[in-house]
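**Q** Structure file my_file38.json (JSON, N, CA and C atoms) is given on the next line.
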```json
[["chain", "number", "residue", "atom", "x", "y", "z"],
["B", 1, "MET", "N", 2.33, 26.46, 50.55],
["B", 1, "MET", "CA", 3.43, 26.19, 49.67],
["B", 1, "MET", "C", 2.95, 25.41, 48.44],
["B", 2, "PHE", "N", 2.20, 24.35, 48.64],
["B", 2, "PHE", "CA", 1.69, 23.57, 47.51],
["B", 2, "PHE", "C", 0.21, 23.84, 47.30],
["B", 3, "ASN", "N", -0.22, 25.05, 47.44],
["B", 3, "ASN", "CA", -1.62, 25.41, 47.34],
["B", 3, "ASN", "C", -1.93, 26.02, 45.97],
["B", 4, "ARG", "N", -1.11, 25.70, 44.99],
["B", 4, "ARG", "CA", -1.31, 26.25, 43.66],
["B", 4, "ARG", "C", -2.42, 25.50, 42.93],
["B", 5, "GLN", "N", -3.28, 26.19, 42.26],
["B", 5, "GLN", "CA", -4.37, 25.55, 41.53],
["B", 5, "GLN", "C", -4.07, 25.62, 40.03],
["B", 6, "ASP", "N", -4.25, 24.48, 39.41],
["B", 6, "ASP", "CA", -4.06, 24.42, 37.96],
["B", 6, "ASP", "C", -5.43, 24.48, 37.30],
["B", 7, "TYR", "N", -5.51, 25.26, 36.27],
["B", 7, "TYR", "CA", -6.77, 25.40, 35.56],
["B", 7, "TYR", "C", -6.65, 24.75, 34.18],
["B", 8, "VAL", "N", -7.67, 24.03, 33.83],
["B", 8, "VAL", "CA", -7.72, 23.42, 32.50],
["B", 8, "VAL", "C", -8.72, 24.21, 31.68],
["B", 9, "TYR", "N", -8.25, 24.74, 30.62],
["B", 9, "TYR", "CA", -9.13, 25.50, 29.75],
["B", 9, "TYR", "C", -9.56, 24.59, 28.60],
["B", 10, "GLN", "N", -10.83, 24.38, 28.50],
["B", 10, "GLN", "CA", -11.36, 23.58, 27.42],
["B", 10, "GLN", "C", -12.05, 24.53, 26.45],
["B", 11, "SER", "N", -11.48, 24.62, 25.30],
["B", 11, "SER", "CA", -12.06, 25.52, 24.31],
["B", 11, "SER", "C", -12.74, 24.68, 23.24],
["B", 12, "SER", "N", -13.88, 25.12, 22.87],
["B", 12, "SER", "CA", -14.57, 24.44, 21.78],
["B", 12, "SER", "C", -14.25, 25.18, 20.49],
["B", 13, "ASP", "N", -13.74, 24.43, 19.55],
["B", 13, "ASP", "CA", -13.35, 25.01, 18.27],
["B", 13, "ASP", "C", -14.16, 24.31, 17.18],
["B", 14, "PRO", "N", -15.33, 24.83, 16.85],
["B", 14, "PRO", "CA", -16.16, 24.13, 15.87],
["B", 14, "PRO", "C", -15.53, 24.05, 14.49],
["B", 15, "LYS", "N", -14.76, 25.06, 14.10],
["B", 15, "LYS", "CA", -14.12, 24.99, 12.78],
["B", 15, "LYS", "C", -13.03, 23.92, 12.77],
["B", 16, "GLY", "N", -12.32, 23.81, 13.87],
["B", 16, "GLY", "CA", -11.30, 22.76, 13.98],
["B", 16, "GLY", "C", -11.91, 21.39, 13.97],
["B", 17, "ASP", "N", -13.03, 21.23, 14.67],
["B", 17, "ASP", "CA", -13.71, 19.94, 14.69],
["B", 17, "ASP", "C", -14.26, 19.60, 13.31],
["B", 18, "GLU", "N", -14.77, 20.61, 12.62],
["B", 18, "GLU", "CA", -15.31, 20.39, 11.28],
["B", 18, "GLU", "C", -14.19, 20.01, 10.31],
["B", 19, "GLY", "N", -13.06, 20.68, 10.44],
["B", 19, "GLY", "CA", -11.92, 20.36, 9.59],
["B", 19, "GLY", "C", -11.41, 18.96, 9.83],
["B", 20, "PHE", "N", -11.33, 18.57, 11.11],
["B", 20, "PHE", "CA", -10.88, 17.22, 11.43],
["B", 20, "PHE", "C", -11.86, 16.19, 10.86],
["B", 21, "GLY", "N", -13.15, 16.48, 10.96],
["B", 21, "GLY", "CA", -14.15, 15.56, 10.43],
["B", 21, "GLY", "C", -14.03, 15.39, 8.93],
["B", 22, "LYS", "N", -13.77, 16.49, 8.23],
["B", 22, "LYS", "CA", -13.62, 16.41, 6.78],
["B", 22, "LYS", "C", -12.38, 15.63, 6.40],
["B", 23, "VAL", "N", -11.28, 15.88, 7.08],
["B", 23, "VAL", "CA", -10.04, 15.16, 6.79],
["B", 23, "VAL", "C", -10.21, 13.68, 7.08],
["B", 24, "PHE", "N", -10.87, 13.36, 8.18],
["B", 24, "PHE", "CA", -11.11, 11.97, 8.54],
["B", 24, "PHE", "C", -11.99, 11.28, 7.49],
["B", 25, "ALA", "N", -13.01, 11.99, 7.00],
["B", 25, "ALA", "CA", -13.88, 11.42, 5.96],
["B", 25, "ALA", "C", -13.11, 11.20, 4.67],
["B", 26, "VAL", "N", -12.22, 12.12, 4.31],
["B", 26, "VAL", "CA", -11.43, 11.95, 3.11],
["B", 26, "VAL", "C", -10.50, 10.74, 3.24],
["B", 27, "VAL", "N", -9.91, 10.57, 4.41],
["B", 27, "VAL", "CA", -9.04, 9.41, 4.63],
["B", 27, "VAL", "C", -9.82, 8.11, 4.52],
["B", 28, "ILE", "N", -11.01, 8.07, 5.10],
["B", 28, "ILE", "CA", -11.84, 6.86, 5.02],
["B", 28, "ILE", "C", -12.23, 6.57, 3.57],
["B", 29, "CYS", "N", -12.61, 7.60, 2.82],
["B", 29, "CYS", "CA", -12.96, 7.41, 1.41],
["B", 29, "CYS", "C", -11.75, 6.94, 0.60],
["B", 30, "PHE", "N", -10.57, 7.47, 0.90],
["B", 30, "PHE", "CA", -9.36, 7.06, 0.19],
["B", 30, "PHE", "C", -9.03, 5.60, 0.47],
["B", 31, "VAL", "N", -9.17, 5.18, 1.71],
["B", 31, "VAL", "CA", -8.91, 3.78, 2.06],
["B", 31, "VAL", "C", -9.93, 2.87, 1.38],
["B", 32, "PHE", "N", -11.19, 3.30, 1.34],
["B", 32, "PHE", "CA", -12.22, 2.53, 0.65],
["B", 32, "PHE", "C", -11.90, 2.43, -0.84],
["B", 33, "PHE", "N", -11.44, 3.52, -1.45],
["B", 33, "PHE", "CA", -11.05, 3.51, -2.86],
["B", 33, "PHE", "C", -9.89, 2.54, -3.11],
["B", 34, "LEU", "N", -8.90, 2.55, -2.22],
["B", 34, "LEU", "CA", -7.77, 1.63, -2.37],
["B", 34, "LEU", "C", -8.22, 0.18, -2.27],
["B", 35, "GLY", "N", -9.16, -0.10, -1.36],
["B", 35, "GLY", "CA", -9.69, -1.46, -1.23],
["B", 35, "GLY", "C", -10.43, -1.89, -2.49],
["B", 36, "ALA", "N", -11.24, -0.99, -3.06],
["B", 36, "ALA", "CA", -11.96, -1.31, -4.30],
["B", 36, "ALA", "C", -10.98, -1.51, -5.45],
["B", 37, "LEU", "N", -9.93, -0.71, -5.48],
["B", 37, "LEU", "CA", -8.91, -0.85, -6.51],
["B", 37, "LEU", "C", -8.20, -2.19, -6.40],
["B", 38, "GLN", "N", -7.93, -2.62, -5.18],
["B", 38, "GLN", "CA", -7.27, -3.91, -4.98],
["B", 38, "GLN", "C", -8.17, -5.06, -5.43],
["B", 39, "VAL", "N", -9.46, -4.99, -5.11],
["B", 39, "VAL", "CA", -10.40, -6.04, -5.53],
["B", 39, "VAL", "C", -10.48, -6.09, -7.05],
["B", 40, "ALA", "N", -10.54, -4.92, -7.69],
["B", 40, "ALA", "CA", -10.61, -4.88, -9.15],
["B", 40, "ALA", "C", -9.33, -5.45, -9.77],
["B", 41, "TYR", "N", -8.18, -5.10, -9.20],
["B", 41, "TYR", "CA", -6.91, -5.62, -9.73],
["B", 41, "TYR", "C", -6.83, -7.14, -9.59],
["B", 42, "GLU", "N", -7.21, -7.66, -8.42],
["B", 42, "GLU", "CA", -7.16, -9.10, -8.22],
["B", 42, "GLU", "C", -8.13, -9.83, -9.15],
["B", 43, "THR", "N", -9.29, -9.23, -9.42],
["B", 43, "THR", "CA", -10.26, -9.85, -10.32],
["B", 43, "THR", "C", -9.72, -9.90, -11.74],
["B", 44, "VAL", "N", -9.21, -8.78, -12.23],
["B", 44, "VAL", "CA", -8.68, -8.75, -13.59],
["B", 44, "VAL", "C", -7.46, -9.65, -13.72],
["B", 45, "SER", "N", -6.62, -9.65, -12.71],
["B", 45, "SER", "CA", -5.43, -10.51, -12.73],
["B", 45, "SER", "C", -5.83, -11.98, -12.75],
["B", 46, "GLY", "N", -6.84, -12.34, -11.98],
["B", 46, "GLY", "CA", -7.32, -13.73, -11.98],
["B", 46, "GLY", "C", -7.91, -14.12, -13.31],
["B", 47, "TRP", "N", -8.68, -13.22, -13.91],
["B", 47, "TRP", "CA", -9.23, -13.51, -15.24],
["B", 47, "TRP", "C", -8.12, -13.70, -16.26],
["B", 48, "TYR", "N", -7.13, -12.85, -16.21],
["B", 48, "TYR", "CA", -6.02, -12.94, -17.16],
["B", 48, "TYR", "C", -5.27, -14.26, -17.00],
["B", 49, "GLN", "N", -4.97, -14.63, -15.76],
["B", 49, "GLN", "CA", -4.24, -15.89, -15.53],
["B", 49, "GLN", "C", -5.07, -17.09, -15.97],
["B", 50, "ASN", "N", -6.36, -17.08, -15.68],
["B", 50, "ASN", "CA", -7.22, -18.20, -16.10],
["B", 50, "ASN", "C", -7.33, -18.26, -17.61],
["B", 51, "PHE", "N", -7.43, -17.11, -18.26],
["B", 51, "PHE", "CA", -7.50, -17.10, -19.72],
["B", 51, "PHE", "C", -6.20, -17.63, -20.33],
["B", 52, "MET", "N", -5.07, -17.27, -19.75],
["B", 52, "MET", "CA", -3.79, -17.75, -20.27],
["B", 52, "MET", "C", -3.67, -19.26, -20.09],
["B", 53, "GLN", "N", -4.14, -19.78, -18.97],
["B", 53, "GLN", "CA", -4.11, -21.23, -18.77],
["B", 53, "GLN", "C", -5.03, -21.93, -19.75],
["B", 54, "TRP", "N", -6.22, -21.36, -19.94],
["B", 54, "TRP", "CA", -7.16, -21.95, -20.88],
["B", 54, "TRP", "C", -6.61, -21.86, -22.30],
["B", 55, "GLY", "N", -6.01, -20.71, -22.63],
["B", 55, "GLY", "CA", -5.46, -20.53, -23.98],
["B", 55, "GLY", "C", -4.29, -21.45, -24.27],
["B", 56, "SER", "N", -3.53, -21.80, -23.26],
["B", 56, "SER", "CA", -2.40, -22.69, -23.50],
["B", 56, "SER", "C", -2.85, -24.16, -23.55],
["B", 57, "GLY", "N", -3.95, -24.49, -22.91],
["B", 57, "GLY", "CA", -4.43, -25.87, -22.94],
["B", 57, "GLY", "C", -5.35, -26.17, -24.11],
["B", 58, "MET", "N", -6.01, -25.16, -24.65],
["B", 58, "MET", "CA", -6.97, -25.36, -25.73],
["B", 58, "MET", "C", -6.33, -25.89, -27.01],
["B", 59, "PRO", "N", -5.18, -25.38, -27.48],
["B", 59, "PRO", "CA", -4.59, -25.96, -28.71],
["B", 59, "PRO", "C", -4.24, -27.44, -28.54],
["B", 60, "ALA", "N", -3.76, -27.83, -27.39],
["B", 60, "ALA", "CA", -3.44, -29.24, -27.17],
["B", 60, "ALA", "C", -4.71, -30.09, -27.20],
["B", 61, "PHE", "N", -5.80, -29.56, -26.65],
["B", 61, "PHE", "CA", -7.07, -30.29, -26.66],
["B", 61, "PHE", "C", -7.60, -30.43, -28.09],
["B", 62, "VAL", "N", -7.53, -29.35, -28.86],
["B", 62, "VAL", "CA", -8.01, -29.40, -30.24],
["B", 62, "VAL", "C", -7.11, -30.28, -31.09],
["B", 63, "ALA", "N", -5.81, -30.22, -30.84],
["B", 63, "ALA", "CA", -4.88, -31.04, -31.62],
["B", 63, "ALA", "C", -5.09, -32.53, -31.35],
["B", 64, "GLY", "N", -5.69, -32.86, -30.21],
["B", 64, "GLY", "CA", -5.95, -34.27, -29.92],
["B", 64, "GLY", "C", -7.01, -34.88, -30.83],
["B", 65, "PHE", "N", -7.81, -34.06, -31.48],
["B", 65, "PHE", "CA", -8.84, -34.59, -32.38],
["B", 65, "PHE", "C", -8.36, -34.71, -33.82],
["B", 66, "TRP", "N", -7.21, -34.15, -34.11],
["B", 66, "TRP", "CA", -6.71, -34.21, -35.49],
["B", 66, "TRP", "C", -6.20, -35.63, -35.79],
["B", 67, "PRO", "N", -6.47, -36.09, -36.94],
["B", 67, "PRO", "CA", -6.04, -37.48, -37.25],
["B", 67, "PRO", "C", -4.57, -37.59, -37.63],
["B", 68, "PHE", "N", -3.86, -36.50, -37.68],
["B", 68, "PHE", "CA", -2.44, -36.57, -38.10],
["B", 68, "PHE", "C", -1.56, -36.93, -36.95]]
```
What do you get writing this file as structure tokens?

**A**
Amino acid sequence: MFNRQDYVYQSSDPKGDEGFGKVFAVVICFVFFLGALQVAYETVSGWYQNFMQWGSGMPAFVAGFWPF
């Protein structure tokens, strides 16, 4: 009654494996690109903020030397 055998068919699909590998590589490269983009944005943003702080403090520093 319960003597039924189940068979597992394992098929090797080299084109499917190759496609998955390519898609996985593209995803990894995209994530790496996003990380590099974030680092570049944070660097430029930090430079801009520091320049604005320096630019707003420099006139007051120079004005301190004026005799008027």

**Q** Could you work out how far CA of Val44 (chain B) lies from CA of Ala25 (chain B), giving the answer in Å with one decimal?

**A** 28.6 Å

**Q** So how far away is CA of Met52 (chain B) from CA of Ala40 (chain B), in Å?

**A** 18.3 Å

**Q** Return as lines of an AutoDock Vina configuration file the centre and edge lengths, in Å with one decimal, of the box along x, y and z that encloses every atom of region 30-41 of chain B in the file, padded by 6 Å per side.

**A**
```
center_x = -9.5
center_y = 0.2
center_z = -3.9
size_x = 17.4
size_y = 26.6
size_z = 23.8
```

**Q** In Å, with one decimal, what is the gap from CA of Trp54 (chain B) to CA of Leu37 (chain B)?

**A**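 Separating CA of Trp54 (chain B) from CA of Leu37 (chain B) is a distance of 25.6 Å.
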